[in-house]
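Colleague: Have a look at this one.
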Amino acid sequence: MSDNAEFSPRIAAFLCNWCSYGAADLAGVSRLQYPPNIQVIRIPCTGRMSPKFILAAFRKGVDGVWVSG
Amino acid sequence: MADITGEEGDFTVKVVTHPRYVDTSKCIACGACTPKCPAKVSNDYNEGLDKRKAIYVRYAQAVPLKYGIDPAKCIKLTKGKCGNCEKQCPTGAINYEDKETTRDVQVGSVIISAGFKPFDPSAYVQYSYSKYKNVVTALEMERILAASGPWMGHLVRPSDEKEPKKIAWLQCVGSRDVNTCDHPYCSSVCCMYAIKEAVIAKEHSHSGLDAAIFFMDMRTFGKDFEKYYENAKRSGVRFIRSRIHTITEQADKSLMIEYATEDGQAKTEVFDMVVLSHGLEVAKTSVELASKLGIELKSTQFVKTTSFAPVASNRPGVYVCGALAGPKDIPLSVVEASAAACAAAGKLSAARGTLAQTKEVPQAVDVRGEVPKVGVFVCSCGINIASVVDVKAVAEYAKTLPFVEFVENNLFSCSQDTQDKMAQTIKEKGLNRVVVAACTPRTHEPLFQETLQAAGLNKYLFDMANIRNQDSWVHSAEPEKATEKAKDLVRMAVAKVALLQPLNEVKLSVNPAAMVIGGGVAGMNAALELAGQGFTTHLVERDAQLGGNARLLRITAQGEEVQPYLDGLAKQVMDNPLITAHLASNIKNVEGFVGNFKTTLAGPAGETVVEHGGAIIAIGGQEYQPTEYLYGQDPRVMTHLQIDAAMMNGELDAKKVNSAVFIQCVGSREPERPYCSKVCCTHSVESALHLKEHNPDCQVVIIYRDMRTFAERELLYKEARAKGVLFVRYDVNQKPVVKKDGGKLMVTVRDHILGRDLLIEADLVGLASAIVSHKNTELAQMFKVPIDEDGWFLEAHQKLRPVDFATDGVFMAGLAHYPKPLEEAVAQAQAAVSRAVTVLSSAEMSLSGTVAFIDQRKCVGCGVCWTVCPYQAITQDDKGLAVVNEALCKGCGTCVASCRSGAPNLRGFTTQDVMAQIEAML
């Protein structure tokens with residue numbers, strides 16, 4: 001990202017397969033539009049969400065982490 | 001369904017399929033047709049609050065997700081012009097020549113679940129529903145509050161699309177009313193849905209919505225409903241006991257409500273919006289269908305069933321479930337659906353599996369130890385992906401990724417010819433991992449996994465990159481960024497798939513025997529249904545006699561005598577060669593899990609071990625023993641079960657009772673038991689009618705908080721009023737008082753209309769005593785199932801899985817779940833059997849490969865994982881270390897996240913797999 005460009009945060013989203021991931025699919029079916037700077041990782045349940053994943057994502061350089069389930 | 005001919009066991013059902021004008025085998029639900037359709041029509045799914053097109057999918061979650069054309073609105077079909085959708089469709093699915101087809105289906109049983117029709121409130125002229133825009137029905141309110149509704153869940157009123165600050169709900173519109181409509185019954189569900197809508201509307205409001213519910217009796221009788229009602233009160237929802245007689249529209253389209261308070265004052269209040277809580281009725285088409293099929297209806301038009309066979313119609317082999325057989329909510333409809341499946345399958349059990357076909361899957365090649373050779377298939381999905389994402393560029397990029405051996409772009413990756421080709425490619429190129437970049441794994445993962453299996457690969461060596469639903473469809477205005485994102489998603493999927501290992505699906509043998517715990521109405525029905533379907537059944541009853549609480553019950557709400565029925569049931573149980581009744585026995589210990597339980601019983605002959613594949617818990621409940629109202633101090637103060645027993649054995653002669661008082665909610669709806677016992681209002685009314693029948697001059701007074709004679713029980717309440725039974729409401733803060741005055745029994749109650757105390761002399765005081773649970777925590781722990789704070793067994797899902805536990809192979813029925821009338825206990829027993837048979841009828845069960853495993857070298861036996869496991873799938877082995885029972889594991893991964901030493905891991909979603917995706921993210 002160039003320094004001049006407007007800040008666009010990179011977001012890592014950890015979504016539960018059964019609810020939020022389904023909702024993200026439904027947003028597509030409904031053709032809702034949102035910015036593309038979000039990367040989804042599907043997890044089987046938010047119970048699977050380990051703090052390590054959040055730290056790893058930040059270490060990798062994302063600006064925000066969203067866990068939803 | 002146009003007609004049914006034949007008889008039980010051999011019906012011919014005539015099924016008419018209306019033309020859809022879209023070939024569902026070709027439609028990929030891409031939605032390209034809809035934007036170009038010029039015909040805008042009222043959207044019935046959103047209750048006409050917005051518009052849809054003539055070619056449409058009824059709602060986003062529709063199954064199957066396929067489009068259809070509304071023939072009455074389509075310009076091509078009505079005028080012969082247009083044809084836009086045909087031009088837009090990338091798969092050629094449009095067929096304007098589609099015709100209605102009729103076919104005959106041979107079946108042994110039929111289940112009718114035609115549902116209900118919401119009452120049209122236009123008939124209430126005083127509410128001006130058709131005239132005032134801001135008077136809406138409760139179903140319209142549901143759509144307004146829904147995220148998929150006309151305003152995406154934003155709380156607005158229809159006239160100006162501004163957020164209302166005050167909303168009123170009016171109850172009993174089209175229910176408990178024989179003047180405006182011929183509906184003497186209560187619709188059962190409206191009190192709860194009105195509270196729910198009020199609570200949700202308050203949540204959606206930005207300005208602290210003022211929500212008021214105008215009601216006659218608040219009927220929150222279901223499991224946890226009373227708590228919901230109390231919480232709503234605490235969150236500020238106002239409850240006003242009054243039936244509204246007039247609504248007048250103001251200049252700004254707000255609505256003035258005129259009503260009378262309980263002490264008779266006239267009041268007016270202005271609301272921005274009024275919601276009519278309309279009731280349930282049987283559709284005219286259902287009445288006609290029933291008449292054609294020879295199915296008997298009640299005076300209310302709902303299908304006639306009995307309390308002892310709650311899902312059987314009068315026509316043998318034809319069953320009913322849901323609101324067609326009486327107004328009811330979702331949990332009970334789901335129970336009845338399973339019950340009807342049980343009843344319908346019962347007599348056909350000999351034919352079970354005869355039409356089933358087994359799929360042959362080739363033996364998977366062992367790829368362990370091989371270098372990953374990844375194949376990437378990038379789908380264009382017609383133009384769904386390709387019109388936004390540069391799929392060629394994504395495919396080129398994929399070739400540069402590590403371990404990628406083969407890349408291809410397909411027009412439709414899911415089409416049959418592509419699937420065949422894909423399987424061929426996997427074999428030819430020796431691919432051992434596959435990534436498909438396409439729609440979404442939630443709909444298409446199983447399909448592609450089958451292709452892997454057909455190619456001789458383990459189906460778990462697969463991952464999908466979601467470049468349609470979560471990319472091209474949601475970033476359609478930013479094709480370059482969407483293409484970059486697709487590359488990211490493919491890179492992440494490749495990084496993960498390279499690490500994936502083949503997983504085993506463990507097969508478990510199933511012992512086709514069942515255990516039923518509790519020999520009451522629910523338990524006996526469950527045992528008989530199981531035996532009827534051919535399963536060996538062990539019925540465990542702690543008493544020496546079968547029957548449970550029903551031994552003390554006189555009649556059902558429909559007036560059927562309980563004792564002859566119970567005797568018949570007990571005899572059938574004892575005579576059935578497949579049922580072993582373990583009387584005077586208790587459960588000592590339970591080992592094992594779904595398919596293979598080993599239960600130790602302690603009985604008169606000592607301990608026995610029984611092996612079984614599934615269990616139904618039907619241990620019932622008990623009557624609360626009151627401490628109030630002189631109970632136990634004066635023999636004239638009796639509980640319902642005592643009165644019933646005394647009426648049956650002749651100790652209580654109804655002819656000699658001249659004055660009787662029934663006090664409701666004794667022990668129910670109290671801080672220590674914050675629930676409604678559901679059956680007591682009806683029970684008091686039944687007893688009152690019995691007294692009136694034998695002595696019409698008897699003065700009967702029922703002192704109540706809310707009369708909860710739900711559904712068609714309302715007719716009994718109506719009859720009681722007509723026969724002169726007096727109903728006096730009391731406030732929970734001013735309870736009635738029972739005193740002895742010399743030899744007389746005197747009841748004092750504050751009349752809220754007169755504002756004065758009433759003094760009633762009573763020969764008999766009936767206490768509508770609560771139903772309490774056995775709070776059997778030991779049994780719950782032995783079967784690894786939860787109970788709630790009131791001691792009721794807690795189902796897996798209160799609405800959708802009402803007789804299941806989260807633990808597989810264990811089910812529940814009857815009062816053990818929550819207080820309920822006899823017919824619901826029977827329906828639940830049948831439902832539990834239906835659910836249990838899904839386990840018992842298979843010789844072996846295939847378990848998912850996505851399960852947790854423990855690296856015991858890292859385990860210290862701290863116990864965090866088996867504490868957090870929601871499925872009780874982790875136990876301690878003899879070394880004190882954690883071990884996963886794959887039969888119980890659902891693959892949630894909670895144990896993995898909980899362990900501080902990293903001993904557990906989840907196959908298919910290992911820490912390494914997810915870390916690889918994170919590493920590949922940017």
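If you're wondering about the labels, chains in the structure tokens are A, B, ... by order shown, residues count from 1 in each chain, ligands from 1 in order shown.
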Select, as a ChimeraX atom specification, those residues of chain B with any atom no more than 8 Å from chain A (distances computed using only C-alpha atoms).

Modeller: /B:60-61,440,442,468-471,473-476,481-482,485,489,891-898,909,914-915,917-919,921-922

Colleague: Take the residues from that selection and put them in a file with N, CA and C atoms, as an mmCIF file, in the first residue's frame.

Modeller:
```cif
data_model
loop_
_atom_site.group_PDB
_atom_site.id
_atom_site.type_symbol
_atom_site.label_atom_id
_atom_site.label_comp_id
_atom_site.auth_asym_id
_atom_site.auth_seq_id
_atom_site.Cartn_x
_atom_site.Cartn_y
_atom_site.Cartn_z
ATOM 1 N N ALA B 60 -34.478 -15.649 -0.009
ATOM 2 C CA ALA B 60 -33.057 -15.940 -0.239
ATOM 3 C C ALA B 60 -32.652 -17.334 0.221
ATOM 4 N N GLN B 61 -33.330 -17.862 1.231
ATOM 5 C CA GLN B 61 -32.934 -19.180 1.751
ATOM 6 C C GLN B 61 -33.753 -20.314 1.152
ATOM 7 N N THR B 440 -19.702 -21.546 -3.027
ATOM 8 C CA THR B 440 -19.510 -21.611 -1.577
ATOM 9 C C THR B 440 -19.510 -23.075 -1.135
ATOM 10 N N ARG B 442 -20.715 -24.241 1.452
ATOM 11 C CA ARG B 442 -21.933 -24.612 2.170
ATOM 12 C C ARG B 442 -22.944 -25.301 1.257
ATOM 13 N N ARG B 468 -17.391 -16.548 -5.316
ATOM 14 C CA ARG B 468 -18.660 -16.041 -5.846
ATOM 15 C C ARG B 468 -19.443 -15.336 -4.730
ATOM 16 N N ASN B 469 -20.022 -16.125 -3.811
ATOM 17 C CA ASN B 469 -20.872 -15.523 -2.777
ATOM 18 C C ASN B 469 -20.141 -14.463 -1.961
ATOM 19 N N GLN B 470 -18.834 -14.711 -1.707
ATOM 20 C CA GLN B 470 -18.118 -13.773 -0.850
ATOM 21 C C GLN B 470 -17.095 -12.938 -1.625
ATOM 22 N N ASP B 471 -17.254 -12.943 -2.947
ATOM 23 C CA ASP B 471 -16.339 -12.088 -3.728
ATOM 24 C C ASP B 471 -17.066 -11.403 -4.891
ATOM 25 N N TRP B 473 -20.017 -11.515 -6.112
ATOM 26 C CA TRP B 473 -21.362 -10.994 -5.868
ATOM 27 C C TRP B 473 -21.378 -9.781 -4.941
ATOM 28 N N VAL B 474 -20.382 -9.668 -4.096
ATOM 29 C CA VAL B 474 -20.424 -8.568 -3.124
ATOM 30 C C VAL B 474 -19.461 -7.433 -3.469
ATOM 31 N N HIS B 475 -18.656 -7.634 -4.520
ATOM 32 C CA HIS B 475 -17.738 -6.566 -4.924
ATOM 33 C C HIS B 475 -17.902 -6.290 -6.415
ATOM 34 N N SER B 476 -19.149 -6.310 -6.877
ATOM 35 C CA SER B 476 -19.355 -6.272 -8.335
ATOM 36 C C SER B 476 -18.911 -4.944 -8.941
ATOM 37 N N LYS B 481 -10.210 -5.171 -7.680
ATOM 38 C CA LYS B 481 -9.992 -5.588 -6.296
ATOM 39 C C LYS B 481 -10.588 -6.968 -6.057
ATOM 40 N N ALA B 482 -11.710 -7.246 -6.705
ATOM 41 C CA ALA B 482 -12.333 -8.563 -6.551
ATOM 42 C C ALA B 482 -11.413 -9.646 -7.128
ATOM 43 N N LYS B 485 -8.676 -10.209 -4.706
ATOM 44 C CA LYS B 485 -9.194 -10.960 -3.557
ATOM 45 C C LYS B 485 -9.349 -12.432 -3.912
ATOM 46 N N LEU B 489 -7.771 -15.561 -2.014
ATOM 47 C CA LEU B 489 -8.563 -16.694 -1.506
ATOM 48 C C LEU B 489 -8.024 -18.021 -2.043
ATOM 49 N N GLY B 891 -16.759 -32.077 16.302
ATOM 50 C CA GLY B 891 -15.766 -31.315 15.554
ATOM 51 C C GLY B 891 -15.864 -29.817 15.709
ATOM 52 N N CYS B 892 -16.253 -29.339 16.890
ATOM 53 C CA CYS B 892 -16.349 -27.886 17.070
ATOM 54 C C CYS B 892 -14.994 -27.266 17.338
ATOM 55 N N GLY B 893 -14.091 -28.037 17.935
ATOM 56 C CA GLY B 893 -12.738 -27.521 18.168
ATOM 57 C C GLY B 893 -12.567 -26.699 19.427
ATOM 58 N N THR B 894 -13.581 -26.677 20.268
ATOM 59 C CA THR B 894 -13.477 -25.897 21.507
ATOM 60 C C THR B 894 -12.329 -26.404 22.384
ATOM 61 N N CYS B 895 -12.141 -27.724 22.384
ATOM 62 C CA CYS B 895 -11.064 -28.299 23.198
ATOM 63 C C CYS B 895 -9.706 -27.795 22.729
ATOM 64 N N VAL B 896 -9.543 -27.652 21.404
ATOM 65 C CA VAL B 896 -8.261 -27.236 20.852
ATOM 66 C C VAL B 896 -7.927 -25.836 21.351
ATOM 67 N N ALA B 897 -8.936 -24.951 21.289
ATOM 68 C CA ALA B 897 -8.700 -23.571 21.697
ATOM 69 C C ALA B 897 -8.471 -23.471 23.199
ATOM 70 N N SER B 898 -9.009 -24.439 23.958
ATOM 71 C CA SER B 898 -8.957 -24.320 25.417
ATOM 72 C C SER B 898 -7.632 -24.798 26.003
ATOM 73 N N PHE B 909 -9.254 -29.031 10.485
ATOM 74 C CA PHE B 909 -9.078 -27.635 10.884
ATOM 75 C C PHE B 909 -7.969 -27.573 11.939
ATOM 76 N N VAL B 914 -5.066 -23.742 9.869
ATOM 77 C CA VAL B 914 -5.582 -22.365 9.978
ATOM 78 C C VAL B 914 -4.423 -21.381 9.920
ATOM 79 N N MET B 915 -3.304 -21.742 10.568
ATOM 80 C CA MET B 915 -2.128 -20.859 10.535
ATOM 81 C C MET B 915 -1.627 -20.676 9.104
ATOM 82 N N GLN B 917 -3.423 -20.674 6.466
ATOM 83 C CA GLN B 917 -4.316 -19.716 5.801
ATOM 84 C C GLN B 917 -3.979 -18.290 6.224
ATOM 85 N N ILE B 918 -3.710 -18.117 7.533
ATOM 86 C CA ILE B 918 -3.370 -16.775 8.022
ATOM 87 C C ILE B 918 -2.059 -16.298 7.368
ATOM 88 N N GLU B 919 -1.089 -17.210 7.295
ATOM 89 C CA GLU B 919 0.202 -16.861 6.694
ATOM 90 C C GLU B 919 0.036 -16.461 5.235
ATOM 91 N N MET B 921 -2.519 -15.095 3.923
ATOM 92 C CA MET B 921 -3.594 -14.112 3.777
ATOM 93 C C MET B 921 -3.159 -12.865 3.031
ATOM 94 N N LEU B 922 -1.965 -12.348 3.361
ATOM 95 C CA LEU B 922 -1.552 -11.066 2.750
ATOM 96 C C LEU B 922 -0.429 -11.282 1.747
#
```

Colleague: Taking the DSSP assignment computed from this structure's backbone, write out as a list in words all residues of region 15-66 of chain A that belong to strand (DSSP E).

Modeller: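 Put together, the selection reads Leu15, Cys16, Ile38, Gln39, Val40, Ile41, Arg42, Ile43, Gly64, Val65 and Trp66 of chain A.
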
Colleague: Residues near Leu503 (chain B), anyone? I mean within 10 Å using only C-alpha atoms, not counting same-chain ones fewer than 6 positions away, as a CSV table (one decimal) with C-alpha atoms, in the first residue's frame.

Modeller:
```
chain,number,residue,atom,x,y,z
B,458,ASN,CA,-10.1,-39.3,0.1
B,459,LYS,CA,-12.8,-36.6,0.2
B,460,TYR,CA,-11.1,-34.6,2.9
B,461,LEU,CA,-8.2,-33.7,0.6
B,848,SER,CA,-17.5,-37.5,10.3
B,849,GLY,CA,-13.8,-37.4,9.9
B,850,THR,CA,-13.6,-33.9,11.2
B,851,VAL,CA,-13.1,-34.8,14.9
B,907,ARG,CA,-8.7,-32.9,12.0
B,908,GLY,CA,-9.5,-30.8,8.9
```

Colleague: Run DSSP on the backbone and grab whatever in region 242-472 of chain B lands in alpha helix (DSSP H); send it over as number ranges by chain.

Modeller: B: 284-293, 330-346, 391-399, 416-429, 441-454

Colleague: Residues as selected, C-alpha atoms, written as a PDB file, in the first residue's frame, can you do that?

Modeller:
```
ATOM      1  CA  LYS B 284     -60.789 -22.655   2.839  1.00  0.00           C
ATOM      2  CA  THR B 285     -58.738 -24.790   0.450  1.00  0.00           C
ATOM      3  CA  SER B 286     -57.768 -27.067   3.356  1.00  0.00           C
ATOM      4  CA  VAL B 287     -61.397 -27.426   4.396  1.00  0.00           C
ATOM      5  CA  GLU B 288     -62.303 -28.402   0.834  1.00  0.00           C
ATOM      6  CA  LEU B 289     -59.401 -30.842   0.634  1.00  0.00           C
ATOM      7  CA  ALA B 290     -60.400 -32.449   3.936  1.00  0.00           C
ATOM      8  CA  SER B 291     -63.959 -32.840   2.751  1.00  0.00           C
ATOM      9  CA  LYS B 292     -62.804 -34.411  -0.508  1.00  0.00           C
ATOM     10  CA  LEU B 293     -60.516 -36.842   1.324  1.00  0.00           C
ATOM     11  CA  ILE B 330     -43.275 -24.125  16.173  1.00  0.00           C
ATOM     12  CA  PRO B 331     -41.905 -26.499  18.870  1.00  0.00           C
ATOM     13  CA  LEU B 332     -45.155 -28.427  19.084  1.00  0.00           C
ATOM     14  CA  SER B 333     -45.506 -28.447  15.289  1.00  0.00           C
ATOM     15  CA  VAL B 334     -42.017 -29.934  15.022  1.00  0.00           C
ATOM     16  CA  VAL B 335     -42.881 -32.505  17.697  1.00  0.00           C
ATOM     17  CA  GLU B 336     -46.021 -33.427  15.790  1.00  0.00           C
ATOM     18  CA  ALA B 337     -44.097 -33.664  12.529  1.00  0.00           C
ATOM     19  CA  SER B 338     -41.804 -36.292  14.030  1.00  0.00           C
ATOM     20  CA  ALA B 339     -44.793 -37.930  15.711  1.00  0.00           C
ATOM     21  CA  ALA B 340     -46.641 -38.165  12.402  1.00  0.00           C
ATOM     22  CA  ALA B 341     -43.529 -39.647  10.803  1.00  0.00           C
ATOM     23  CA  CYS B 342     -43.476 -42.243  13.576  1.00  0.00           C
ATOM     24  CA  ALA B 343     -47.160 -43.064  13.171  1.00  0.00           C
ATOM     25  CA  ALA B 344     -46.930 -43.139   9.386  1.00  0.00           C
ATOM     26  CA  ALA B 345     -43.870 -45.399   9.469  1.00  0.00           C
ATOM     27  CA  GLY B 346     -45.194 -47.673  12.193  1.00  0.00           C
ATOM     28  CA  VAL B 391     -10.929 -15.804 -13.870  1.00  0.00           C
ATOM     29  CA  LYS B 392      -8.201 -16.302 -16.479  1.00  0.00           C
ATOM     30  CA  ALA B 393      -5.852 -14.120 -14.439  1.00  0.00           C
ATOM     31  CA  VAL B 394      -6.769 -16.034 -11.275  1.00  0.00           C
ATOM     32  CA  ALA B 395      -6.049 -19.323 -13.055  1.00  0.00           C
ATOM     33  CA  GLU B 396      -2.695 -18.021 -14.317  1.00  0.00           C
ATOM     34  CA  TYR B 397      -1.831 -16.859 -10.821  1.00  0.00           C
ATOM     35  CA  ALA B 398      -2.774 -20.235  -9.328  1.00  0.00           C
ATOM     36  CA  LYS B 399      -0.144 -21.888 -11.551  1.00  0.00           C
ATOM     37  CA  GLN B 416     -22.069 -33.141 -14.684  1.00  0.00           C
ATOM     38  CA  ASP B 417     -19.685 -33.162 -17.663  1.00  0.00           C
ATOM     39  CA  THR B 418     -17.152 -30.980 -15.816  1.00  0.00           C
ATOM     40  CA  GLN B 419     -17.421 -33.273 -12.808  1.00  0.00           C
ATOM     41  CA  ASP B 420     -16.665 -36.321 -14.949  1.00  0.00           C
ATOM     42  CA  LYS B 421     -13.764 -34.494 -16.557  1.00  0.00           C
ATOM     43  CA  MET B 422     -12.469 -33.373 -13.180  1.00  0.00           C
ATOM     44  CA  ALA B 423     -12.429 -36.945 -11.892  1.00  0.00           C
ATOM     45  CA  GLN B 424     -10.601 -37.989 -15.062  1.00  0.00           C
ATOM     46  CA  THR B 425      -8.026 -35.202 -14.643  1.00  0.00           C
ATOM     47  CA  ILE B 426      -7.388 -36.137 -10.992  1.00  0.00           C
ATOM     48  CA  LYS B 427      -6.577 -39.669 -12.075  1.00  0.00           C
ATOM     49  CA  GLU B 428      -4.551 -38.747 -15.182  1.00  0.00           C
ATOM     50  CA  LYS B 429      -2.434 -36.079 -13.530  1.00  0.00           C
ATOM     51  CA  PRO B 441     -18.643 -24.795   0.314  1.00  0.00           C
ATOM     52  CA  ARG B 442     -21.933 -24.612   2.170  1.00  0.00           C
ATOM     53  CA  THR B 443     -23.844 -25.687  -0.917  1.00  0.00           C
ATOM     54  CA  HIS B 444     -21.232 -27.344  -3.141  1.00  0.00           C
ATOM     55  CA  GLU B 445     -18.588 -28.948  -0.948  1.00  0.00           C
ATOM     56  CA  PRO B 446     -20.443 -32.306  -0.789  1.00  0.00           C
ATOM     57  CA  LEU B 447     -20.755 -32.406  -4.577  1.00  0.00           C
ATOM     58  CA  PHE B 448     -17.044 -31.850  -5.195  1.00  0.00           C
ATOM     59  CA  GLN B 449     -16.153 -34.280  -2.425  1.00  0.00           C
ATOM     60  CA  GLU B 450     -18.144 -36.932  -4.277  1.00  0.00           C
ATOM     61  CA  THR B 451     -16.086 -36.202  -7.368  1.00  0.00           C
ATOM     62  CA  LEU B 452     -12.916 -36.748  -5.355  1.00  0.00           C
ATOM     63  CA  GLN B 453     -14.282 -40.053  -4.090  1.00  0.00           C
ATOM     64  CA  ALA B 454     -15.205 -41.090  -7.617  1.00  0.00           C
TER      65      ALA B 454
END
```

Colleague: Nearest to Met812 (chain B) among B:Ala522, B:Arg669, B:Tyr871, B:Gly279, with distances taken over only C-alpha atoms: which residue is it?

Modeller: B:Ala522

Colleague: Which one is closest to Phe221 (chain B): B:Glu670, B:Asp763, B:Asp706, B:Asp160? Count only C-alpha atoms.

Modeller: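 Of B:Glu670, B:Asp763, B:Asp706, B:Asp160, the one nearest Phe221 (chain B), counting only C-alpha atoms, is B:Asp706.
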
Colleague: Quick one: residues within 9 Å of region 139-147 of chain B, only C-alpha atoms counted, chain neighbours fewer than 4 positions away excluded, as a ChimeraX atom specification?

Modeller: /B:45-49,118,151-157,197,200-201,204,275-278

Colleague: Of the residues B:Ile874, B:Leu881, B:Ile240, B:Val13, which is the one nearest to Val110 (chain B), using only C-alpha atoms?

Modeller: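 Ranking B:Ile874, B:Leu881, B:Ile240, B:Val13 by distance to Val110 (chain B), first place goes to B:Val13.
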